[in-house]
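Quick look at model22.txt (compact mmCIF, C-alpha atoms):
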```
# COMPACT_ATOMS: atom_id res chain seq x y z
CA MET A 1 86.99 -129.39 -97.98
CA TRP A 2 86.53 -126.21 -95.95
CA ILE A 3 83.98 -125.24 -93.33
CA ARG A 4 82.66 -121.68 -93.19
CA SER A 5 81.28 -120.82 -89.77
CA ALA A 6 79.30 -117.94 -88.35
CA CYS A 7 82.60 -116.46 -87.13
CA PRO A 8 84.86 -115.16 -89.94
CA ALA A 9 87.60 -114.36 -87.39
CA LEU A 10 87.72 -118.00 -86.32
CA ASP A 11 87.74 -119.19 -89.95
CA ALA A 12 90.65 -116.87 -90.69
CA ARG A 13 92.59 -118.03 -87.64
CA ILE A 14 92.14 -121.67 -88.60
CA ALA A 15 93.27 -120.92 -92.15
CA ARG A 16 96.34 -119.21 -90.74
CA LEU A 17 97.02 -122.17 -88.44
CA ARG A 18 97.00 -124.44 -91.51
CA GLU A 19 99.61 -122.23 -93.19
CA ILE A 20 101.85 -122.11 -90.12
CA ALA A 21 101.59 -125.86 -89.56
CA ARG A 22 102.60 -126.62 -93.12
CA SER A 23 105.77 -124.58 -92.68
CA GLU A 24 106.67 -126.27 -89.36
CA GLU A 25 108.54 -129.42 -90.39
CA ARG A 26 108.48 -130.88 -86.87
CA LEU A 27 104.70 -131.26 -87.07
CA GLU A 28 103.37 -134.45 -88.63
CA GLY A 29 99.73 -133.50 -88.29
CA VAL A 30 97.15 -131.08 -86.91
CA LEU A 31 93.61 -132.13 -86.03
CA LEU A 32 90.81 -129.76 -85.06
CA TYR A 33 87.91 -130.75 -82.84
CA GLY A 34 85.03 -128.96 -81.12
CA SER A 35 82.31 -126.64 -82.37
CA TRP A 36 84.03 -125.58 -85.61
CA THR A 37 84.28 -129.16 -86.85
CA LEU A 38 80.59 -129.71 -85.99
CA GLY A 39 79.46 -126.61 -87.87
CA GLU A 40 78.29 -124.95 -84.63
CA ALA A 41 80.94 -122.25 -84.18
CA ASP A 42 79.94 -118.65 -83.56
CA ALA A 43 81.53 -115.43 -82.36
CA HIS A 44 82.03 -116.88 -78.88
CA SER A 45 83.67 -120.14 -79.93
CA ASP A 46 87.27 -121.08 -79.28
CA ILE A 47 89.82 -122.99 -81.34
CA GLU A 48 90.75 -126.49 -80.22
CA ALA A 49 93.37 -128.68 -81.86
CA TYR A 50 95.82 -131.52 -81.47
CA LEU A 51 99.32 -130.66 -82.66
CA TYR A 52 101.08 -133.93 -83.48
CA VAL A 53 104.80 -133.33 -83.07
CA ASP A 54 107.40 -135.75 -84.45
CA ASP A 55 108.34 -137.92 -81.49
CA GLU A 56 112.01 -136.90 -81.39
CA TYR A 57 111.14 -133.20 -81.10
CA VAL A 58 108.20 -133.23 -78.72
CA ASP A 59 110.14 -132.52 -75.52
CA ASP A 60 111.67 -129.34 -76.93
CA PHE A 61 108.79 -128.13 -79.06
CA ASP A 62 107.78 -124.54 -78.20
CA GLY A 63 104.01 -124.47 -78.67
CA ARG A 64 103.68 -120.92 -77.45
CA ALA A 65 106.10 -119.63 -80.08
CA LEU A 66 104.12 -121.40 -82.78
CA LEU A 67 100.82 -119.91 -81.60
CA GLU A 68 102.23 -116.41 -81.35
CA GLN A 69 102.42 -116.55 -85.14
CA LEU A 70 98.62 -116.80 -85.20
CA ALA A 71 98.00 -113.64 -83.17
CA PRO A 72 99.41 -111.85 -80.11
CA LEU A 73 98.75 -113.74 -76.88
CA LYS A 74 97.37 -112.20 -73.70
CA LEU A 75 97.77 -115.49 -71.80
CA ALA A 76 99.49 -118.82 -72.40
CA TYR A 77 99.96 -121.59 -69.85
CA THR A 78 99.66 -125.35 -69.39
CA ASN A 79 96.30 -125.96 -67.75
CA MET A 80 95.24 -128.56 -65.18
CA TYR A 81 94.73 -131.16 -67.92
CA GLY A 82 98.19 -130.69 -69.43
CA ILE A 83 96.82 -128.72 -72.39
CA LEU A 84 98.40 -125.51 -73.69
CA ALA A 85 95.64 -122.95 -73.09
CA VAL A 86 95.89 -119.51 -74.65
CA VAL A 87 93.95 -116.28 -74.91
CA PHE A 88 94.54 -114.25 -78.07
CA ASP A 89 94.49 -110.47 -78.20
CA ASP A 90 90.87 -110.43 -79.41
CA LEU A 91 89.84 -112.58 -76.39
CA MET A 92 89.38 -115.71 -78.47
CA ARG A 93 90.39 -118.74 -76.42
CA GLY A 94 92.41 -121.69 -77.64
CA GLU A 95 93.32 -125.16 -76.36
CA PHE A 96 96.16 -127.05 -77.99
CA HIS A 97 97.32 -130.58 -77.15
CA LEU A 98 101.04 -130.96 -77.89
CA THR A 99 101.16 -134.69 -78.56
CA PRO A 100 103.82 -137.15 -79.81
CA ALA A 101 102.76 -138.09 -83.32
CA GLY A 102 103.52 -141.80 -83.05
CA PRO A 103 101.24 -142.88 -80.19
CA GLY A 104 99.01 -139.81 -80.49
CA ILE A 105 97.70 -140.50 -83.98
CA ASP A 106 97.32 -144.20 -83.17
CA GLU A 107 95.01 -143.18 -80.31
CA VAL A 108 92.54 -141.25 -82.49
CA PRO A 109 90.39 -144.26 -83.53
CA THR A 110 89.84 -145.09 -79.85
CA TRP A 111 87.77 -141.90 -79.57
CA GLU A 112 84.86 -143.51 -81.43
CA GLY A 113 81.66 -142.81 -79.54
CA MET A 114 83.20 -139.83 -77.73
CA VAL A 115 84.36 -137.51 -80.54
CA HIS A 116 82.42 -136.86 -83.73
CA LEU A 117 84.11 -135.40 -86.83
CA PRO A 118 81.38 -135.31 -89.49
CA ARG A 119 83.86 -133.86 -92.04
CA PRO A 120 87.19 -135.48 -91.16
CA GLU A 121 89.04 -134.04 -94.15
CA ALA A 122 88.14 -130.52 -92.99
CA ALA A 123 89.18 -131.27 -89.41
CA VAL A 124 92.63 -132.40 -90.56
CA LEU A 125 94.66 -129.26 -91.20
CA LEU A 126 97.95 -131.08 -91.76
CA ASP A 127 98.78 -134.71 -92.52
CA ARG A 128 102.23 -135.43 -93.89
CA THR A 129 101.89 -139.23 -93.95
CA GLY A 130 98.16 -139.93 -94.42
CA ARG A 131 97.93 -141.61 -91.00
CA LEU A 132 95.94 -138.83 -89.39
CA THR A 133 93.32 -138.62 -92.13
CA ARG A 134 92.78 -142.39 -92.04
CA ALA A 135 92.41 -142.25 -88.25
CA ALA A 136 90.04 -139.25 -88.35
CA ARG A 137 87.74 -140.99 -90.83
CA ARG A 138 86.95 -143.50 -88.09
CA LEU A 139 85.16 -140.65 -86.28
CA ALA A 140 82.98 -139.55 -89.20
CA ALA A 141 79.90 -141.54 -88.18
CA PHE A 142 77.96 -140.34 -85.15
CA ARG A 143 77.65 -143.15 -82.62
CA PRO A 144 75.16 -142.40 -79.86
CA PRO A 145 75.67 -144.11 -76.50
CA GLU A 146 74.20 -147.57 -76.12
CA PRO A 147 70.89 -146.76 -74.39
CA ALA A 148 70.08 -149.59 -71.98
CA GLY A 149 73.52 -149.99 -70.43
CA THR A 150 74.10 -146.24 -70.32
CA ALA A 151 70.72 -145.66 -68.65
CA GLN A 152 71.55 -148.29 -66.03
CA GLN A 153 74.93 -146.68 -65.37
CA LEU A 154 73.38 -143.23 -64.99
CA THR A 155 70.61 -144.56 -62.71
CA ASP A 156 73.21 -146.07 -60.41
CA GLU A 157 75.39 -142.96 -60.52
CA LEU A 158 72.48 -140.67 -59.65
CA THR A 159 71.51 -142.93 -56.78
CA ASN A 160 75.01 -143.03 -55.35
CA TRP A 161 75.84 -139.35 -55.75
CA THR A 162 72.49 -138.13 -54.45
CA LEU A 163 72.97 -140.29 -51.35
CA MET A 164 76.33 -138.57 -50.88
CA LEU A 165 74.59 -135.22 -51.37
CA ALA A 166 72.07 -136.12 -48.65
CA HIS A 167 74.84 -137.08 -46.21
CA VAL A 168 76.77 -133.88 -46.93
CA LEU A 169 73.66 -131.80 -46.33
CA ALA A 170 72.96 -133.66 -43.09
CA ARG A 171 76.46 -132.72 -41.96
CA GLY A 172 75.69 -129.08 -42.69
CA GLU A 173 78.23 -128.63 -45.52
CA VAL A 174 76.06 -126.39 -47.66
CA ALA A 175 78.76 -125.17 -50.05
CA ARG A 176 79.95 -128.72 -50.72
CA ALA A 177 76.38 -129.89 -51.28
CA HIS A 178 75.84 -126.99 -53.68
CA ALA A 179 78.95 -128.02 -55.65
CA LEU A 180 77.87 -131.69 -55.77
CA LEU A 181 74.40 -130.77 -56.96
CA HIS A 182 75.60 -128.62 -59.85
CA SER A 183 78.88 -130.22 -60.93
CA VAL A 184 78.16 -133.94 -60.40
CA VAL A 185 74.44 -134.68 -60.19
CA ALA A 186 73.09 -132.22 -62.76
CA PRO A 187 75.32 -133.32 -65.71
CA GLN A 188 74.30 -136.94 -65.18
CA GLN A 189 70.63 -135.97 -65.04
CA LEU A 190 71.01 -134.11 -68.31
CA GLN A 191 72.68 -137.10 -69.92
CA LEU A 192 69.87 -139.41 -68.83
CA CYS A 193 67.33 -136.86 -70.04
CA ARG A 194 69.10 -136.56 -73.40
CA LEU A 195 69.16 -140.34 -73.71
CA LEU A 196 65.41 -140.48 -73.13
CA ARG A 197 64.72 -137.64 -75.58
CA ASP A 198 67.00 -139.10 -78.29
CA SER A 199 69.06 -135.90 -78.18
CA THR A 200 72.63 -137.08 -77.60
CA ALA A 201 74.57 -134.92 -80.07
CA HIS A 202 75.99 -132.87 -77.16
CA TRP A 203 76.61 -135.88 -74.95
CA LEU A 204 79.99 -134.97 -73.48
CA THR A 205 78.83 -131.46 -72.56
CA PRO A 206 75.15 -132.10 -71.84
CA SER A 207 74.34 -128.51 -70.88
CA ARG A 208 75.48 -127.25 -74.30
CA ALA A 209 72.57 -125.94 -76.40
CA LEU A 210 70.21 -127.09 -73.66
CA GLU A 211 67.76 -124.34 -74.52
CA GLN A 212 67.43 -125.63 -78.08
CA ASP A 213 67.83 -129.38 -77.53
CA LEU A 214 65.41 -130.22 -74.71
CA PRO A 215 61.69 -129.58 -74.19
CA ALA A 216 60.54 -126.75 -71.94
CA ALA A 217 59.25 -129.20 -69.30
CA ASP A 218 62.70 -130.76 -68.93
CA ARG A 219 64.37 -127.37 -68.81
CA ALA A 220 62.04 -126.39 -65.99
CA ARG A 221 62.85 -129.55 -64.04
CA TYR A 222 66.56 -128.88 -64.48
CA THR A 223 66.17 -125.27 -63.34
CA ALA A 224 64.26 -126.35 -60.23
CA GLY A 225 67.34 -128.29 -59.15
CA THR A 226 69.63 -125.25 -59.33
CA THR A 227 70.07 -122.55 -56.71
CA ALA A 228 72.36 -120.16 -54.91
CA ALA A 229 74.51 -121.59 -52.12
CA ARG A 230 72.07 -120.74 -49.31
CA GLU A 231 71.09 -123.55 -46.98
CA GLU A 232 67.31 -123.72 -47.35
CA GLU A 233 67.52 -123.10 -51.07
CA VAL A 234 70.10 -125.87 -51.50
CA ARG A 235 67.91 -128.28 -49.52
CA THR A 236 64.88 -127.42 -51.66
CA ALA A 237 66.89 -127.75 -54.87
CA ALA A 238 68.28 -131.11 -53.73
CA ARG A 239 64.77 -132.47 -53.16
CA ASN A 240 63.59 -131.11 -56.52
CA SER A 241 66.63 -132.60 -58.20
CA TRP A 242 66.06 -136.02 -56.65
CA ARG A 243 62.42 -136.05 -57.68
CA TRP A 244 63.49 -135.39 -61.26
CA SER A 245 66.13 -138.11 -61.04
CA ARG A 246 63.50 -140.57 -59.85
CA ASP A 247 61.09 -139.57 -62.62
CA LEU A 248 63.82 -139.96 -65.25
CA THR A 249 64.80 -143.31 -63.76
CA ALA A 250 61.20 -144.54 -63.83
CA GLU A 251 60.94 -143.51 -67.47
CA ALA A 252 64.18 -145.34 -68.26
CA ALA A 253 62.96 -148.43 -66.42
CA GLU A 254 59.82 -148.52 -68.50
CA ARG A 255 61.71 -148.03 -71.74
CA TRP A 256 64.81 -150.18 -71.21
CA ALA A 257 64.01 -152.36 -68.18
CA VAL A 258 66.55 -150.52 -66.04
CA ARG A 259 66.91 -152.01 -62.54
CA VAL A 260 65.80 -149.49 -59.91
CA PRO A 261 66.76 -149.93 -56.23
CA SER A 262 63.36 -148.68 -55.08
CA GLY A 263 63.93 -149.26 -51.38
CA LEU A 264 67.18 -147.32 -51.42
CA HIS A 265 65.49 -144.55 -53.39
CA GLU A 266 62.87 -144.20 -50.67
CA GLU A 267 65.57 -144.04 -48.00
CA ILE A 268 67.38 -141.27 -49.91
CA SER A 269 64.09 -139.37 -50.14
CA GLY A 270 63.73 -139.74 -46.39
CA LEU A 271 67.23 -138.39 -45.74
CA LEU A 272 66.62 -135.37 -47.96
CA ALA A 273 63.25 -134.71 -46.30
CA ALA A 274 64.70 -134.97 -42.80
CA GLY A 275 66.42 -131.60 -43.08
CA HIS A 276 63.23 -129.84 -44.11
```

Output the file's structure in the form of structure tokens.
Amino acid sequence: MWIRSACPALDARIARLREIARSEERLEGVLLYGSWTLGEADAHSDIEAYLYVDDEYVDDFDGRALLEQLAPLKLAYTNMYGILAVVFDDLMRGEFHLTPAGPGIDEVPTWEGMVHLPRPEAAVLLDRTGRLTRAARRLAAFRPPEPAGTAQQLTDELTNWTLMLAHVLARGEVARAHALLHSVVAPQQLQLCRLLRDSTAHWLTPSRALEQDLPAADRARYTAGTTAAREEEVRTAARNSWRWSRDLTAEAAERWAVRVPSGLHEEISGLLAAGH
């Protein structure tokens, strides 16, 4: 099975990776993930893969040398997550996990509910033993998050982190408040919104395809909680963001009987209003 995307260059690079992997005897398997495996890749997509190296060779395996056979590299380094990140000469990005085959392939089924491979046979570029294909098939069915428990978790998270946001603003740390608002609060809001709209396909990256996935009214509420890192604008965005969080929480409470700490919510509103 083969996937053809909207990016012929990416398709060609993946085909070449399959050829190179087959000739590299120290590799037991190669598994793709990300937009290509979901049929969403375009000219701006990157290539993401797990390279399962035979356990005895993993410490000495030169991932960069392998990837240089795909195309010239402008950048190659191990990023903050321990992943080999590269930039090819045509500015296509790549992320490659160099993983011991033994425990690495055994871990794949534990990704259920987090990773979706609708066409597992296409995602598996190399499988010398059959283990990887069997493991990848466990990810073929899309499993949305369990709604009631997830909504409760997100309600509590939004309450806690917005309280922290209010305290940080009260201290006058505008840049830190700006970072909290955009990198911590907003993704959780989008997840709760996606849960309520039954649009959880992009759960792990909830801002992905936001413009297509969510109604205009929700997009406007999200936008009202974003801003430049200027004090009055951050304070206004924080209040707008909290109002949206409370509205989403109320909707979740009606739908799934989520417990809402109403008194605490009022106190957070008071803290955010105090700086106005």

Among listed residues A:Thr162, A:Ser207, A:Ser5, A:Thr200, nearest Arg239 of chain A (using all atoms listed in the file)
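Of all the options, A:Thr162 lies closest to Arg239 of chain A.
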
Residues around (67.5, -127.1, -71.5), cut-off 12 Å, counting all atoms listed in the file - what are they as an mmCIF file with C-alpha atoms, in the coordinates of the input?
```
data_model
loop_
_atom_site.group_PDB
_atom_site.id
_atom_site.type_symbol
_atom_site.label_atom_id
_atom_site.label_comp_id
_atom_site.auth_asym_id
_atom_site.auth_seq_id
_atom_site.Cartn_x
_atom_site.Cartn_y
_atom_site.Cartn_z
ATOM 1 C CA ALA A 186 73.090 -132.220 -62.760
ATOM 2 C CA PRO A 187 75.320 -133.320 -65.710
ATOM 3 C CA GLN A 189 70.630 -135.970 -65.040
ATOM 4 C CA LEU A 190 71.010 -134.110 -68.310
ATOM 5 C CA GLN A 191 72.680 -137.100 -69.920
ATOM 6 C CA CYS A 193 67.330 -136.860 -70.040
ATOM 7 C CA ARG A 194 69.100 -136.560 -73.400
ATOM 8 C CA ARG A 197 64.720 -137.640 -75.580
ATOM 9 C CA SER A 199 69.060 -135.900 -78.180
ATOM 10 C CA HIS A 202 75.990 -132.870 -77.160
ATOM 11 C CA PRO A 206 75.150 -132.100 -71.840
ATOM 12 C CA SER A 207 74.340 -128.510 -70.880
ATOM 13 C CA ARG A 208 75.480 -127.250 -74.300
ATOM 14 C CA ALA A 209 72.570 -125.940 -76.400
ATOM 15 C CA LEU A 210 70.210 -127.090 -73.660
ATOM 16 C CA GLU A 211 67.760 -124.340 -74.520
ATOM 17 C CA GLN A 212 67.430 -125.630 -78.080
ATOM 18 C CA ASP A 213 67.830 -129.380 -77.530
ATOM 19 C CA LEU A 214 65.410 -130.220 -74.710
ATOM 20 C CA PRO A 215 61.690 -129.580 -74.190
ATOM 21 C CA ALA A 216 60.540 -126.750 -71.940
ATOM 22 C CA ALA A 217 59.250 -129.200 -69.300
ATOM 23 C CA ASP A 218 62.700 -130.760 -68.930
ATOM 24 C CA ARG A 219 64.370 -127.370 -68.810
ATOM 25 C CA ALA A 220 62.040 -126.390 -65.990
ATOM 26 C CA ARG A 221 62.850 -129.550 -64.040
ATOM 27 C CA TYR A 222 66.560 -128.880 -64.480
ATOM 28 C CA THR A 223 66.170 -125.270 -63.340
ATOM 29 C CA ALA A 224 64.260 -126.350 -60.230
#
```

Quick one: distance from atom CA of Arg4 of chain A to atom CA of Tyr33 of chain A in Å, one decimal?
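The value is 14.7 Å.
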
To one decimal place in Å, what is the distance between atom CA of Leu10 of chain A and atom CA of Val87 of chain A?
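Interatomic distance here is 13.1 Å.
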
Record the distance separating atom CA of Phe142 of chain A and atom CA of Ile105 of chain A, expressed in Å with one decimal.
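Going from atom CA of Phe142 of chain A over to atom CA of Ile105 of chain A, I get 19.8 Å.
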
Check the smallest atom-to-atom distance from each of A:Ala170, A:Ala85, A:Leu66, A:Ala141 to Ile47 of chain A using all atoms listed in the file, then report the winner.
A:Ala85

Using all atoms listed in the file for the distances, tell me which of A:Ile20, A:Ile3, A:Val124, A:Ala166 is nearest to Ser35 of chain A.
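When distances to Ser35 of chain A are compared using all atoms listed in the file, the smallest one comes from A:Ile3.
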
May I ask which of the residues A:Trp256, A:Leu163, A:Gly29, A:Leu271 is the closest one to Arg131 of chain A, counting all atoms listed in the file?
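Ranked by minimum distance to Arg131 of chain A, first place goes to A:Gly29.
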
Between A:Leu51, A:Gly149, A:Glu251, A:Ser241, which has the minimum distance to Glu28 of chain A (counting only C-alpha atoms)?
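Among the listed residues, A:Leu51 lies closest to Glu28 of chain A.
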
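Nearest-residue note for Asp54 of chain A: choosing from A:Ala250, A:Ala101, A:Ala135, A:Ala21, the minimum distance belongs to A:Ala101, counting all atoms listed in the file.
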
Pick out the residues sitting within 10 Å of Asn160 of chain A, and hand them over as a list in words; count only C-alpha atoms, and ignore anything fewer than 3 positions along from it in its own chain.
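Returned residues: Leu154, Thr155, Asp156, Glu157, Leu163, Met164, Leu165, Val185, Leu264, His265 and Ile268 of chain A.
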
Quick one: everything within 12 Å of Ile83 of chain A, counting all atoms listed in the file, minus sequence neighbours fewer than 6 positions away in the same chain. Send it as a PDB file with C-alpha atoms, keeping the file's coordinate frame.
```pdb
ATOM      1  CA  GLU A  48      90.750-126.490 -80.220  1.00  0.00           C
ATOM      2  CA  ALA A  49      93.370-128.680 -81.860  1.00  0.00           C
ATOM      3  CA  TYR A  50      95.820-131.520 -81.470  1.00  0.00           C
ATOM      4  CA  LEU A  51      99.320-130.660 -82.660  1.00  0.00           C
ATOM      5  CA  GLY A  63     104.010-124.470 -78.670  1.00  0.00           C
ATOM      6  CA  ARG A  64     103.680-120.920 -77.450  1.00  0.00           C
ATOM      7  CA  ALA A  76      99.490-118.820 -72.400  1.00  0.00           C
ATOM      8  CA  TYR A  77      99.960-121.590 -69.850  1.00  0.00           C
ATOM      9  CA  GLY A  94      92.410-121.690 -77.640  1.00  0.00           C
ATOM     10  CA  GLU A  95      93.320-125.160 -76.360  1.00  0.00           C
ATOM     11  CA  PHE A  96      96.160-127.050 -77.990  1.00  0.00           C
ATOM     12  CA  HIS A  97      97.320-130.580 -77.150  1.00  0.00           C
ATOM     13  CA  LEU A  98     101.040-130.960 -77.890  1.00  0.00           C
ATOM     14  CA  THR A  99     101.160-134.690 -78.560  1.00  0.00           C
TER      15      THR A  99
END
```

I'd like the contact shell of segment 68-70 of chain A - 7 Å cut-off, all atoms listed in the file, skipping same-chain residues fewer than 2 positions apart - returned as a PyMOL selection string.
chain A and resi 13+16-17+64-66+72-73

Would you fill out segment 204-214 of chain A with all heavy atoms and return it as a PDB file, in the frame of the given file?
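To be explicit, this is the file written out as part-v4.pdb:
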```pdb
ATOM      1  N   LEU A 204      78.878-135.201 -74.403  1.00  0.00           N
ATOM      2  CA  LEU A 204      79.990-134.970 -73.480  1.00  0.00           C
ATOM      3  C   LEU A 204      79.848-133.675 -72.707  1.00  0.00           C
ATOM      4  O   LEU A 204      80.393-133.533 -71.616  1.00  0.00           O
ATOM      5  CB  LEU A 204      81.318-134.995 -74.233  1.00  0.00           C
ATOM      6  CG  LEU A 204      81.723-136.351 -74.818  1.00  0.00           C
ATOM      7  CD1 LEU A 204      83.071-136.253 -75.502  1.00  0.00           C
ATOM      8  CD2 LEU A 204      81.756-137.428 -73.738  1.00  0.00           C
ATOM      9  N   THR A 205      79.122-132.710 -73.270  1.00  0.00           N
ATOM     10  CA  THR A 205      78.830-131.460 -72.560  1.00  0.00           C
ATOM     11  C   THR A 205      77.314-131.307 -72.576  1.00  0.00           C
ATOM     12  O   THR A 205      76.758-130.545 -73.376  1.00  0.00           O
ATOM     13  CB  THR A 205      79.511-130.270 -73.239  1.00  0.00           C
ATOM     14  OG1 THR A 205      80.891-130.577 -73.458  1.00  0.00           O
ATOM     15  CG2 THR A 205      79.416-129.013 -72.376  1.00  0.00           C
ATOM     16  N   PRO A 206      76.614-132.001 -71.695  1.00  0.00           N
ATOM     17  CA  PRO A 206      75.150-132.100 -71.840  1.00  0.00           C
ATOM     18  C   PRO A 206      74.398-130.805 -71.621  1.00  0.00           C
ATOM     19  O   PRO A 206      73.230-130.705 -72.010  1.00  0.00           O
ATOM     20  CB  PRO A 206      74.772-133.159 -70.794  1.00  0.00           C
ATOM     21  CG  PRO A 206      75.884-133.135 -69.789  1.00  0.00           C
ATOM     22  CD  PRO A 206      77.122-132.818 -70.566  1.00  0.00           C
ATOM     23  N   SER A 207      75.021-129.803 -71.027  1.00  0.00           N
ATOM     24  CA  SER A 207      74.340-128.510 -70.880  1.00  0.00           C
ATOM     25  C   SER A 207      74.451-127.652 -72.134  1.00  0.00           C
ATOM     26  O   SER A 207      73.738-126.652 -72.255  1.00  0.00           O
ATOM     27  CB  SER A 207      74.926-127.745 -69.683  1.00  0.00           C
ATOM     28  OG  SER A 207      76.313-127.514 -69.874  1.00  0.00           O
ATOM     29  N   ARG A 208      75.302-128.041 -73.073  1.00  0.00           N
ATOM     30  CA  ARG A 208      75.480-127.250 -74.300  1.00  0.00           C
ATOM     31  C   ARG A 208      74.185-127.268 -75.117  1.00  0.00           C
ATOM     32  O   ARG A 208      73.566-128.312 -75.323  1.00  0.00           O
ATOM     33  CB  ARG A 208      76.625-127.807 -75.143  1.00  0.00           C
ATOM     34  CG  ARG A 208      76.872-127.008 -76.410  1.00  0.00           C
ATOM     35  CD  ARG A 208      78.031-127.552 -77.210  1.00  0.00           C
ATOM     36  NE  ARG A 208      78.190-126.832 -78.462  1.00  0.00           N
ATOM     37  CZ  ARG A 208      78.863-125.704 -78.619  1.00  0.00           C
ATOM     38  NH1 ARG A 208      79.471-125.165 -77.572  1.00  0.00           N
ATOM     39  NH2 ARG A 208      78.958-125.109 -79.787  1.00  0.00           N
ATOM     40  N   ALA A 209      73.774-126.092 -75.571  1.00  0.00           N
ATOM     41  CA  ALA A 209      72.570-125.940 -76.400  1.00  0.00           C
ATOM     42  C   ALA A 209      71.338-126.532 -75.727  1.00  0.00           C
ATOM     43  O   ALA A 209      70.396-126.944 -76.404  1.00  0.00           O
ATOM     44  CB  ALA A 209      72.772-126.578 -77.779  1.00  0.00           C
ATOM     45  N   LEU A 210      71.343-126.540 -74.408  1.00  0.00           N
ATOM     46  CA  LEU A 210      70.210-127.090 -73.660  1.00  0.00           C
ATOM     47  C   LEU A 210      68.898-126.409 -74.047  1.00  0.00           C
ATOM     48  O   LEU A 210      67.865-127.068 -74.201  1.00  0.00           O
ATOM     49  CB  LEU A 210      70.472-126.914 -72.157  1.00  0.00           C
ATOM     50  CG  LEU A 210      69.361-127.313 -71.184  1.00  0.00           C
ATOM     51  CD1 LEU A 210      69.197-128.823 -71.179  1.00  0.00           C
ATOM     52  CD2 LEU A 210      69.670-126.816 -69.785  1.00  0.00           C
ATOM     53  N   GLU A 211      68.974-125.104 -74.229  1.00  0.00           N
ATOM     54  CA  GLU A 211      67.760-124.340 -74.520  1.00  0.00           C
ATOM     55  C   GLU A 211      67.131-124.731 -75.859  1.00  0.00           C
ATOM     56  O   GLU A 211      65.923-124.600 -76.039  1.00  0.00           O
ATOM     57  CB  GLU A 211      68.084-122.842 -74.521  1.00  0.00           C
ATOM     58  CG  GLU A 211      68.505-122.296 -73.155  1.00  0.00           C
ATOM     59  CD  GLU A 211      69.943-122.611 -72.788  1.00  0.00           C
ATOM     60  OE1 GLU A 211      70.686-123.154 -73.647  1.00  0.00           O
ATOM     61  OE2 GLU A 211      70.347-122.323 -71.641  1.00  0.00           O
ATOM     62  N   GLN A 212      67.955-125.209 -76.790  1.00  0.00           N
ATOM     63  CA  GLN A 212      67.430-125.630 -78.080  1.00  0.00           C
ATOM     64  C   GLN A 212      67.140-127.137 -78.141  1.00  0.00           C
ATOM     65  O   GLN A 212      66.256-127.570 -78.883  1.00  0.00           O
ATOM     66  CB  GLN A 212      68.426-125.298 -79.208  1.00  0.00           C
ATOM     67  CG  GLN A 212      68.589-123.814 -79.494  1.00  0.00           C
ATOM     68  CD  GLN A 212      69.455-123.109 -78.469  1.00  0.00           C
ATOM     69  OE1 GLN A 212      70.507-123.611 -78.107  1.00  0.00           O
ATOM     70  NE2 GLN A 212      69.014-121.946 -77.997  1.00  0.00           N
ATOM     71  N   ASP A 213      67.872-127.921 -77.376  1.00  0.00           N
ATOM     72  CA  ASP A 213      67.830-129.380 -77.530  1.00  0.00           C
ATOM     73  C   ASP A 213      66.725-130.067 -76.751  1.00  0.00           C
ATOM     74  O   ASP A 213      66.245-131.130 -77.169  1.00  0.00           O
ATOM     75  CB  ASP A 213      69.169-129.998 -77.108  1.00  0.00           C
ATOM     76  CG  ASP A 213      70.290-129.718 -78.091  1.00  0.00           C
ATOM     77  OD1 ASP A 213      70.020-129.107 -79.136  1.00  0.00           O
ATOM     78  OD2 ASP A 213      71.439-130.112 -77.809  1.00  0.00           O
ATOM     79  N   LEU A 214      66.338-129.518 -75.593  1.00  0.00           N
ATOM     80  CA  LEU A 214      65.410-130.220 -74.710  1.00  0.00           C
ATOM     81  C   LEU A 214      64.088-129.478 -74.577  1.00  0.00           C
ATOM     82  O   LEU A 214      64.047-128.240 -74.648  1.00  0.00           O
ATOM     83  CB  LEU A 214      66.039-130.421 -73.328  1.00  0.00           C
ATOM     84  CG  LEU A 214      67.253-131.352 -73.270  1.00  0.00           C
ATOM     85  CD1 LEU A 214      67.779-131.448 -71.848  1.00  0.00           C
ATOM     86  CD2 LEU A 214      66.929-132.744 -73.824  1.00  0.00           C
TER      87      LEU A 214
END
```
